[in-house]
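Text of final.pdb, listed as PDB, C-alpha atoms, pLDDT in the B column:
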```pdb
ATOM      1  CA  MET A  22      18.803  -8.967   4.398  1.00 84.00           C
ATOM      2  CA  SER A  23      16.333  -6.250   3.341  1.00 98.00           C
ATOM      3  CA  VAL A  24      13.366  -5.399   5.582  1.00 98.00           C
ATOM      4  CA  ALA A  25       9.917  -4.169   4.553  1.00 99.00           C
ATOM      5  CA  ILE A  26       6.815  -3.045   6.404  1.00 99.00           C
ATOM      6  CA  VAL A  27       3.573  -3.965   4.612  1.00 99.00           C
ATOM      7  CA  THR A  28       0.263  -2.662   5.927  1.00 98.00           C
ATOM      8  CA  GLY A  29      -3.104  -4.193   5.132  1.00 98.00           C
ATOM      9  CA  ALA A  30      -1.252  -7.484   4.811  1.00 98.00           C
ATOM     10  CA  SER A  31      -3.893  -9.979   5.941  1.00 98.00           C
ATOM     11  CA  ARG A  32      -5.629 -10.196   2.548  1.00 97.00           C
ATOM     12  CA  GLY A  33      -5.806  -8.794  -0.961  1.00 98.00           C
ATOM     13  CA  LEU A  34      -2.944  -6.846  -2.446  1.00 98.00           C
ATOM     14  CA  GLY A  35      -1.083  -6.440   0.843  1.00 98.00           C
ATOM     15  CA  ARG A  36      -0.923 -10.178   1.396  1.00 98.00           C
ATOM     16  CA  ALA A  37       0.128 -10.742  -2.219  1.00 98.00           C
ATOM     17  CA  LEU A  38       2.897  -8.129  -1.947  1.00 98.00           C
ATOM     18  CA  ALA A  39       4.114  -9.703   1.284  1.00 98.00           C
ATOM     19  CA  GLY A  40       4.262 -13.118  -0.343  1.00 97.00           C
ATOM     20  CA  GLU A  41       6.209 -11.803  -3.323  1.00 97.00           C
ATOM     21  CA  LEU A  42       8.683  -9.929  -1.132  1.00 98.00           C
ATOM     22  CA  ALA A  43       9.253 -12.982   1.058  1.00 98.00           C
ATOM     23  CA  ALA A  44       9.832 -15.127  -2.019  1.00 96.00           C
ATOM     24  CA  ARG A  45      12.564 -12.658  -2.967  1.00 97.00           C
ATOM     25  CA  GLY A  46      14.246 -12.990   0.419  1.00 97.00           C
ATOM     26  CA  TRP A  47      12.859  -9.984   2.283  1.00 98.00           C
ATOM     27  CA  ASP A  48      12.263  -9.980   6.019  1.00 98.00           C
ATOM     28  CA  LEU A  49       8.832  -8.549   6.788  1.00 98.00           C
ATOM     29  CA  VAL A  50       6.816  -6.655   9.348  1.00 98.00           C
ATOM     30  CA  LEU A  51       3.144  -7.225   8.559  1.00 98.00           C
ATOM     31  CA  SER A  52       0.229  -5.139   9.804  1.00 98.00           C
ATOM     32  CA  ALA A  53      -3.548  -5.530   9.704  1.00 98.00           C
ATOM     33  CA  ARG A  54      -6.461  -4.901  12.049  1.00 98.00           C
ATOM     34  CA  GLY A  55      -7.498  -8.536  12.515  1.00 97.00           C
ATOM     35  CA  ALA A  56      -4.988 -10.515  14.563  1.00 98.00           C
ATOM     36  CA  ALA A  57      -6.201 -13.977  13.553  1.00 98.00           C
ATOM     37  CA  ALA A  58      -6.252 -13.209   9.818  1.00 98.00           C
ATOM     38  CA  LEU A  59      -2.844 -11.550  10.066  1.00 98.00           C
ATOM     39  CA  GLU A  60      -1.304 -14.559  11.823  1.00 98.00           C
ATOM     40  CA  GLU A  61      -2.721 -16.837   9.145  1.00 98.00           C
ATOM     41  CA  ALA A  62      -1.259 -14.632   6.413  1.00 97.00           C
ATOM     42  CA  ALA A  63       2.118 -14.562   8.148  1.00 97.00           C
ATOM     43  CA  ALA A  64       2.116 -18.358   8.400  1.00 96.00           C
ATOM     44  CA  ALA A  65       1.322 -18.623   4.690  1.00 95.00           C
ATOM     45  CA  VAL A  66       4.233 -16.302   3.881  1.00 94.00           C
ATOM     46  CA  LEU A  67       6.607 -18.412   5.961  1.00 93.00           C
ATOM     47  CA  GLU A  68       5.454 -21.566   4.190  1.00 91.00           C
ATOM     48  CA  ARG A  69       6.239 -19.969   0.856  1.00 87.00           C
ATOM     49  CA  ALA A  70       9.705 -18.674   1.717  1.00 92.00           C
ATOM     50  CA  GLU A  71      12.040 -20.514   4.075  1.00 87.00           C
ATOM     51  CA  GLY A  72      14.661 -18.550   5.918  1.00 92.00           C
ATOM     52  CA  VAL A  73      12.888 -15.201   6.067  1.00 97.00           C
ATOM     53  CA  ARG A  74      11.746 -13.584   9.290  1.00 98.00           C
ATOM     54  CA  VAL A  75       8.181 -12.329   9.635  1.00 98.00           C
ATOM     55  CA  ALA A  76       6.813 -10.198  12.458  1.00 98.00           C
ATOM     56  CA  ALA A  77       3.012  -9.951  12.541  1.00 98.00           C
ATOM     57  CA  VAL A  78       1.856  -6.869  14.460  1.00 98.00           C
ATOM     58  CA  ALA A  79      -1.917  -6.445  14.592  1.00 98.00           C
ATOM     59  CA  GLY A  80      -3.349  -2.950  14.915  1.00 98.00           C
ATOM     60  CA  ASP A  81      -4.759   0.087  13.130  1.00 98.00           C
ATOM     61  CA  VAL A  82      -2.424   2.320  11.126  1.00 98.00           C
ATOM     62  CA  SER A  83      -4.434   5.338  12.277  1.00 98.00           C
ATOM     63  CA  SER A  84      -2.979   4.711  15.758  1.00 98.00           C
ATOM     64  CA  ALA A  85       0.337   6.387  16.547  1.00 98.00           C
ATOM     65  CA  GLY A  86       1.123   3.616  19.009  1.00 98.00           C
ATOM     66  CA  HIS A  87       0.654   0.926  16.376  1.00 98.00           C
ATOM     67  CA  ARG A  88       2.840   2.806  13.905  1.00 98.00           C
ATOM     68  CA  ALA A  89       5.586   3.015  16.526  1.00 98.00           C
ATOM     69  CA  GLU A  90       5.274  -0.749  17.127  1.00 98.00           C
ATOM     70  CA  LEU A  91       5.693  -1.459  13.422  1.00 99.00           C
ATOM     71  CA  VAL A  92       8.837   0.621  13.113  1.00 99.00           C
ATOM     72  CA  ALA A  93      10.241  -0.861  16.327  1.00 98.00           C
ATOM     73  CA  ALA A  94       9.666  -4.341  14.892  1.00 98.00           C
ATOM     74  CA  ALA A  95      11.505  -3.348  11.704  1.00 98.00           C
ATOM     75  CA  ARG A  96      14.357  -1.985  13.781  1.00 98.00           C
ATOM     76  CA  GLY A  97      14.511  -5.319  15.570  1.00 98.00           C
ATOM     77  CA  LEU A  98      14.925  -7.061  12.210  1.00 98.00           C
ATOM     78  CA  GLY A  99      17.813  -4.780  11.290  1.00 98.00           C
ATOM     79  CA  GLY A 100      16.289  -1.635   9.794  1.00 98.00           C
ATOM     80  CA  LEU A 101      13.772  -0.509   7.199  1.00 98.00           C
ATOM     81  CA  ASP A 102      14.398  -0.551   3.464  1.00 98.00           C
ATOM     82  CA  LEU A 103      10.843  -0.436   2.094  1.00 99.00           C
ATOM     83  CA  LEU A 104       7.613   0.925   3.526  1.00 99.00           C
ATOM     84  CA  VAL A 105       4.469  -0.276   1.724  1.00 99.00           C
ATOM     85  CA  ASN A 106       1.438   1.804   2.673  1.00 98.00           C
ATOM     86  CA  ASN A 107      -1.358  -0.437   1.416  1.00 98.00           C
ATOM     87  CA  ALA A 108      -3.959  -0.449   4.209  1.00 98.00           C
ATOM     88  CA  GLY A 109      -7.137   1.417   3.318  1.00 98.00           C
ATOM     89  CA  VAL A 110     -10.857   1.774   3.927  1.00 98.00           C
ATOM     90  CA  LEU A 111     -13.609   2.933   1.566  1.00 98.00           C
ATOM     91  CA  GLY A 112     -15.449   5.388   3.786  1.00 98.00           C
ATOM     92  CA  ALA A 113     -18.772   3.637   3.117  1.00 98.00           C
ATOM     93  CA  GLU A 114     -19.690   0.082   2.147  1.00 98.00           C
ATOM     94  CA  PRO A 115     -21.164  -0.048  -0.421  1.00 98.00           C
ATOM     95  CA  LEU A 116     -20.013   3.261  -1.849  1.00 98.00           C
ATOM     96  CA  VAL A 117     -22.513   6.130  -1.856  1.00 98.00           C
ATOM     97  CA  PRO A 118     -22.831   9.515  -3.606  1.00 98.00           C
ATOM     98  CA  LEU A 119     -21.271  12.505  -1.883  1.00 98.00           C
ATOM     99  CA  ALA A 120     -24.749  13.840  -1.149  1.00 98.00           C
ATOM    100  CA  VAL A 121     -25.197  11.111   1.448  1.00 98.00           C
ATOM    101  CA  GLN A 122     -21.570  10.355   2.358  1.00 98.00           C
ATOM    102  CA  PRO A 123     -21.408   9.810   6.140  1.00 98.00           C
ATOM    103  CA  ALA A 124     -19.043  12.262   7.804  1.00 98.00           C
ATOM    104  CA  ALA A 125     -17.793   9.537  10.126  1.00 98.00           C
ATOM    105  CA  GLY A 126     -16.858   7.329   7.186  1.00 98.00           C
ATOM    106  CA  LEU A 127     -15.009  10.144   5.440  1.00 98.00           C
ATOM    107  CA  ARG A 128     -13.162  10.938   8.634  1.00 98.00           C
ATOM    108  CA  GLU A 129     -12.121   7.303   9.064  1.00 98.00           C
ATOM    109  CA  ALA A 130     -10.991   7.116   5.438  1.00 98.00           C
ATOM    110  CA  PHE A 131      -8.709  10.131   5.856  1.00 98.00           C
ATOM    111  CA  GLU A 132      -7.363   8.829   9.158  1.00 98.00           C
ATOM    112  CA  VAL A 133      -6.525   5.400   7.719  1.00 98.00           C
ATOM    113  CA  ASN A 134      -5.710   6.222   4.093  1.00 98.00           C
ATOM    114  CA  VAL A 135      -3.861   9.524   4.541  1.00 98.00           C
ATOM    115  CA  LEU A 136      -2.836  10.191   8.140  1.00 98.00           C
ATOM    116  CA  GLY A 137      -1.796   6.559   8.638  1.00 98.00           C
ATOM    117  CA  PRO A 138       0.705   6.527   5.743  1.00 98.00           C
ATOM    118  CA  LEU A 139       2.043   9.964   6.652  1.00 98.00           C
ATOM    119  CA  GLY A 140       2.497   8.932  10.260  1.00 98.00           C
ATOM    120  CA  LEU A 141       4.335   5.765   9.239  1.00 98.00           C
ATOM    121  CA  VAL A 142       6.596   7.746   6.936  1.00 98.00           C
ATOM    122  CA  GLN A 143       7.381  10.154   9.760  1.00 98.00           C
ATOM    123  CA  GLU A 144       8.022   7.324  12.220  1.00 98.00           C
ATOM    124  CA  GLY A 145      10.148   5.350   9.773  1.00 98.00           C
ATOM    125  CA  LEU A 146      12.152   8.160   8.157  1.00 98.00           C
ATOM    126  CA  PRO A 147      15.293   7.748  10.285  1.00 98.00           C
ATOM    127  CA  LEU A 148      15.549   4.076   9.303  1.00 98.00           C
ATOM    128  CA  LEU A 149      14.616   4.730   5.667  1.00 98.00           C
ATOM    129  CA  ARG A 150      17.252   7.454   5.395  1.00 98.00           C
ATOM    130  CA  ALA A 151      19.843   5.100   6.891  1.00 98.00           C
ATOM    131  CA  SER A 152      19.101   2.418   4.286  1.00 98.00           C
ATOM    132  CA  ALA A 153      21.242   2.223   1.182  1.00 96.00           C
ATOM    133  CA  ALA A 154      18.065   1.941  -0.900  1.00 96.00           C
ATOM    134  CA  GLY A 155      15.282   3.343   1.270  1.00 98.00           C
ATOM    135  CA  ALA A 156      11.930   3.442  -0.512  1.00 98.00           C
ATOM    136  CA  VAL A 157       8.258   4.179   0.103  1.00 99.00           C
ATOM    137  CA  LEU A 158       5.487   2.572  -1.950  1.00 99.00           C
ATOM    138  CA  ASN A 159       2.099   4.229  -1.450  1.00 98.00           C
ATOM    139  CA  VAL A 160      -0.772   2.317  -3.044  1.00 98.00           C
ATOM    140  CA  SER A 161      -2.812   4.769  -5.116  1.00 98.00           C
ATOM    141  CA  SER A 162      -5.966   4.429  -7.203  1.00 98.00           C
ATOM    142  CA  ASP A 163      -7.453   5.598 -10.475  1.00 97.00           C
ATOM    143  CA  ALA A 164     -10.232   7.012  -8.294  1.00 98.00           C
ATOM    144  CA  GLY A 165      -7.736   9.643  -7.158  1.00 98.00           C
ATOM    145  CA  VAL A 166      -7.522  11.158 -10.641  1.00 97.00           C
ATOM    146  CA  VAL A 167     -10.843  10.251 -12.342  1.00 98.00           C
ATOM    147  CA  PRO A 168     -14.212  11.518 -10.993  1.00 98.00           C
ATOM    148  CA  TYR A 169     -16.128   8.241 -10.766  1.00 98.00           C
ATOM    149  CA  ALA A 170     -19.617   8.490  -9.278  1.00 98.00           C
ATOM    150  CA  THR A 171     -19.792   7.208  -5.670  1.00 98.00           C
ATOM    151  CA  TRP A 172     -15.976   7.067  -5.389  1.00 98.00           C
ATOM    152  CA  GLY A 173     -15.659  10.676  -4.196  1.00 98.00           C
ATOM    153  CA  ALA A 174     -14.691  10.079  -0.572  1.00 98.00           C
ATOM    154  CA  TYR A 175     -12.227   7.266  -1.241  1.00 98.00           C
ATOM    155  CA  GLY A 176     -10.885   9.074  -4.298  1.00 98.00           C
ATOM    156  CA  ALA A 177     -10.268  12.219  -2.274  1.00 98.00           C
ATOM    157  CA  THR A 178      -8.041  10.280   0.096  1.00 98.00           C
ATOM    158  CA  LYS A 179      -6.058   8.802  -2.784  1.00 98.00           C
ATOM    159  CA  ALA A 180      -5.664  12.200  -4.429  1.00 98.00           C
ATOM    160  CA  ALA A 181      -4.270  13.430  -1.127  1.00 98.00           C
ATOM    161  CA  VAL A 182      -1.857  10.501  -0.950  1.00 98.00           C
ATOM    162  CA  ASP A 183      -0.697  11.160  -4.513  1.00 98.00           C
ATOM    163  CA  LEU A 184       0.147  14.789  -3.792  1.00 98.00           C
ATOM    164  CA  MET A 185       1.696  13.929  -0.447  1.00 98.00           C
ATOM    165  CA  SER A 186       3.865  11.327  -2.160  1.00 98.00           C
ATOM    166  CA  ALA A 187       4.998  13.797  -4.812  1.00 98.00           C
ATOM    167  CA  VAL A 188       5.974  16.327  -2.157  1.00 98.00           C
ATOM    168  CA  LEU A 189       7.795  13.656  -0.151  1.00 98.00           C
ATOM    169  CA  ALA A 190       9.805  12.759  -3.251  1.00 98.00           C
ATOM    170  CA  VAL A 191      10.919  16.405  -3.500  1.00 98.00           C
ATOM    171  CA  GLU A 192      11.668  16.757   0.191  1.00 98.00           C
ATOM    172  CA  GLU A 193      13.496  13.414   0.493  1.00 98.00           C
ATOM    173  CA  PRO A 194      15.580  13.107  -2.689  1.00 98.00           C
ATOM    174  CA  GLY A 195      17.667  10.360  -1.110  1.00 98.00           C
ATOM    175  CA  LEU A 196      14.642   8.041  -1.054  1.00 98.00           C
ATOM    176  CA  ARG A 197      12.652   6.398  -3.810  1.00 98.00           C
ATOM    177  CA  VAL A 198       9.005   7.385  -3.435  1.00 98.00           C
ATOM    178  CA  TRP A 199       6.464   5.611  -5.622  1.00 98.00           C
ATOM    179  CA  TRP A 200       2.712   6.078  -5.696  1.00 98.00           C
ATOM    180  CA  ALA A 201       1.295   3.258  -7.742  1.00 98.00           C
ATOM    181  CA  ASP A 202      -2.199   2.474  -9.016  1.00 98.00           C
ATOM    182  CA  PRO A 203      -2.740  -1.307  -9.109  1.00 98.00           C
ATOM    183  CA  GLY A 204      -5.983  -0.995 -11.085  1.00 97.00           C
ATOM    184  CA  SER A 205      -9.224  -2.797 -10.306  1.00 97.00           C
ATOM    185  CA  MET A 206      -8.700  -6.231  -8.794  1.00 98.00           C
ATOM    186  CA  ARG A 207     -10.776  -9.169  -7.663  1.00 97.00           C
ATOM    187  CA  THR A 208     -10.714  -8.357  -3.958  1.00 97.00           C
ATOM    188  CA  ARG A 209     -13.052  -8.282  -0.992  1.00 96.00           C
ATOM    189  CA  MET A 210     -12.736  -4.490  -0.896  1.00 97.00           C
ATOM    190  CA  MET A 211     -13.858  -4.153  -4.503  1.00 97.00           C
ATOM    191  CA  ALA A 212     -16.795  -6.456  -3.841  1.00 97.00           C
ATOM    192  CA  ALA A 213     -17.771  -4.364  -0.824  1.00 97.00           C
ATOM    193  CA  ALA A 214     -17.489  -1.137  -2.820  1.00 98.00           C
ATOM    194  CA  GLU A 215     -19.823  -2.229  -5.634  1.00 96.00           C
ATOM    195  CA  PRO A 216     -21.670  -5.413  -4.605  1.00 96.00           C
ATOM    196  CA  GLY A 217     -23.605  -5.690  -7.876  1.00 91.00           C
ATOM    197  CA  GLU A 218     -20.550  -5.682 -10.135  1.00 93.00           C
ATOM    198  CA  ASP A 219     -19.188  -8.824 -11.783  1.00 95.00           C
ATOM    199  CA  LEU A 220     -15.538  -9.055 -10.776  1.00 96.00           C
ATOM    200  CA  ALA A 221     -14.794 -12.305 -12.595  1.00 96.00           C
ATOM    201  CA  GLY A 222     -12.851 -10.591 -15.359  1.00 96.00           C
ATOM    202  CA  LEU A 223     -10.578  -8.644 -13.021  1.00 97.00           C
ATOM    203  CA  PRO A 224      -7.054  -9.802 -12.145  1.00 98.00           C
ATOM    204  CA  ALA A 225      -6.317 -11.317  -8.752  1.00 98.00           C
ATOM    205  CA  PRO A 226      -3.948  -9.416  -6.432  1.00 98.00           C
ATOM    206  CA  GLU A 227      -1.386 -12.186  -6.941  1.00 98.00           C
ATOM    207  CA  GLU A 228      -1.216 -11.198 -10.608  1.00 98.00           C
ATOM    208  CA  VAL A 229      -0.710  -7.513  -9.844  1.00 98.00           C
ATOM    209  CA  ALA A 230       1.813  -7.696  -6.992  1.00 98.00           C
ATOM    210  CA  PRO A 231       4.786  -8.774  -9.171  1.00 98.00           C
ATOM    211  CA  LEU A 232       4.123  -5.834 -11.490  1.00 98.00           C
ATOM    212  CA  LEU A 233       4.238  -3.314  -8.657  1.00 98.00           C
ATOM    213  CA  LEU A 234       7.406  -4.863  -7.292  1.00 98.00           C
ATOM    214  CA  ARG A 235       9.162  -4.079 -10.555  1.00 98.00           C
ATOM    215  CA  LEU A 236       9.543  -0.665  -8.939  1.00 98.00           C
ATOM    216  CA  VAL A 237      11.760  -2.240  -6.298  1.00 98.00           C
ATOM    217  CA  ALA A 238      13.560  -4.733  -8.524  1.00 97.00           C
ATOM    218  CA  LEU A 239      14.479  -2.114 -11.109  1.00 97.00           C
ATOM    219  CA  GLY A 240      15.020   0.766  -8.692  1.00 97.00           C
ATOM    220  CA  LEU A 241      12.794   2.993 -10.805  1.00 98.00           C
ATOM    221  CA  PRO A 242      12.756   6.759 -10.180  1.00 98.00           C
ATOM    222  CA  SER A 243      10.275   8.365  -7.835  1.00 98.00           C
ATOM    223  CA  GLY A 244       6.917   9.000  -9.498  1.00 98.00           C
ATOM    224  CA  ARG A 245       3.382   7.846 -10.143  1.00 98.00           C
ATOM    225  CA  TYR A 246       3.029   4.475 -11.827  1.00 98.00           C
ATOM    226  CA  THR A 247       0.268   2.101 -12.847  1.00 98.00           C
ATOM    227  CA  ALA A 248       0.360  -1.679 -12.908  1.00 98.00           C
ATOM    228  CA  GLU A 249      -0.661  -1.520 -16.555  1.00 96.00           C
ATOM    229  CA  GLY A 250       2.251   0.781 -17.352  1.00 97.00           C
ATOM    230  CA  LEU A 251       4.701  -1.345 -15.396  1.00 97.00           C
ATOM    231  CA  ALA A 252       3.621  -4.364 -17.423  1.00 95.00           C
ATOM    232  CA  GLY A 253       4.388  -2.600 -20.705  1.00 84.00           C
ATOM    233  CA  SER A 254       7.033  -0.572 -22.431  1.00 42.00           C
ATOM    234  CA  ARG A 255       6.550   2.443 -20.177  1.00 45.00           C
ATOM    235  CA  ALA A 256       7.860   0.622 -17.115  1.00 43.00           C
ATOM    236  CA  GLY A 257      11.017   2.685 -17.072  1.00 41.00           C
ATOM    237  CA  SER A 258       9.406   6.077 -16.566  1.00 41.00           C
ATOM    238  CA  GLY A 259       7.280   7.681 -13.898  1.00 44.00           C
ATOM    239  CA  ALA A 260       3.732   8.458 -14.917  1.00 40.00           C
ATOM    240  CA  GLU A 261       2.623  11.697 -13.305  1.00 35.00           C
ATOM    241  CA  ARG A 262      -0.916  12.620 -14.188  1.00 25.00           C
TER     242      ARG A 262
END
```
Same coordinates, now as structure tokens:
Amino acid sequence: MSVAIVTGASRGLGRALAGELAARGWDLVLSARGAAALEEAAAAVLERAEGVRVAAVAGDVSSAGHRAELVAAARGLGGLDLLVNNAGVLGAEPLVPLAVQPAAGLREAFEVNVLGPLGLVQEGLPLLRASAAGAVLNVSSDAGVVPYATWGAYGATKAAVDLMSAVLAVEEPGLRVWWADPGSMRTRMMAAAEPGEDLAGLPAPEEVAPLLLRLVALGLPSGRYTAEGLAGSRAGSGAER
């Protein structure tokens, strides 16, 4: 049975991706900072998909020790076929212009959004290379390519992840490496980023997760993708931009 690590799995897109993977028969290692919320999410996944194994490992992806625990848990389930780097922080809540961006928030955003995924890739590479279909899915953002006001700090981390992903795809041709923009969603993070915005018209993470997992189901080539593109006729090609 295939094994995936999903970070930021206690809510939002991470939880939705975990549920979809479990429904497709994947064993899972789930990570999030809050132990209680993570256990609740893991229980919900198990209710949805009988017969799968789920290891809930609470911790911060910016911690090398936590990353080692996640990969050890995957090894205990039989290996690692898919690493989903979804966990992320904004750097300030609500978002603020760069002129007043707190240095501590920017530092945390790079530690969680960039160094965390890189560290997990490094820790998990031996298992990913040993898999017949090893893959990395890094959750990206339109803010990494479009200069939206107040999104500078968060966007900088996603731009870094995009380039890092592209380089990883070159350096590890035996793996599939996808960096995928899910688009704006109706999530707690989006509400925290822009509290005054009406999110009612945005899709829920549960609507977006199946689109992103087309990357896995179809074994699409390494590249940058968007949920919108995966839903349409361009789903078969990477979208570097």
Exercise. Any idea what's packed within 9 Å of stretch 97-111 of chain A, counting all atoms listed in the file, ignoring anything in its chain fewer than 6 positions away? Could you give it as JSON, numbers by chain?
Worked result: {"A": [22, 23, 24, 25, 26, 27, 28, 29, 30, 34, 35, 38, 48, 49, 50, 52, 53, 74, 75, 76, 81, 82, 126, 127, 129, 130, 131, 133, 134, 135, 137, 138, 141, 142, 145, 146, 147, 148, 149, 150, 151, 152, 153, 154, 155, 156, 157, 158, 159, 160, 161, 172, 174, 175, 176, 210, 213, 214, 237]}
Exercise. Any chance you could work out the residue set of the PyMOL selection byres ((chain A and resi 78) around 7) here, as a list in words?
Worked result: Leu51, Ser52, Ala76, Ala77, Ala79, Gly80 and Leu91 of chain A
Problem set entry | Residues matched by the PyMOL selection byres ((chain A and resi 120) around 12), written as an NGL selection string | :A and (116-119 or 121-124 or 170-174)
For this session: Starting from the displayed file, determine the output of the PyMOL selection byres ((chain A and resi 162) around 10) and express the residue list as a ChimeraX atom specification.
Result: /A:159-161,163-167,175-176,178-180,182-183,200-205,247
Problem set entry | Minimum-distance residue to A:Leu196, chosen among A:Ser83, A:Ala64, A:Leu241, A:Glu249 (using all atoms listed in the file) |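 When distances to A:Leu196 are compared using all atoms listed in the file, the smallest one comes from A:Leu241.
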Exercise. Any idea what the distance is between atom CA of A:Gly222 and atom CA of A:Leu59?
Worked result: 27.3 Å
Exercise. Could you pull the residues within 10 Å of A:Ala70, counting all atoms listed in the file, minus those fewer than 3 positions along the same chain, as a list in words?
Worked result: Gly40, Glu41, Leu42, Ala43, Ala44, Arg45, Gly46, Trp47, Ala65, Val66, Leu67, Val73 and Arg74 of chain A
Problem set entry | Sphere at (6.2, 15.9, -2.0), radius 12 Å, counting all atoms listed in the file: residues as a ChimeraX atom specification | /A:139,181-194,196-200,243-245
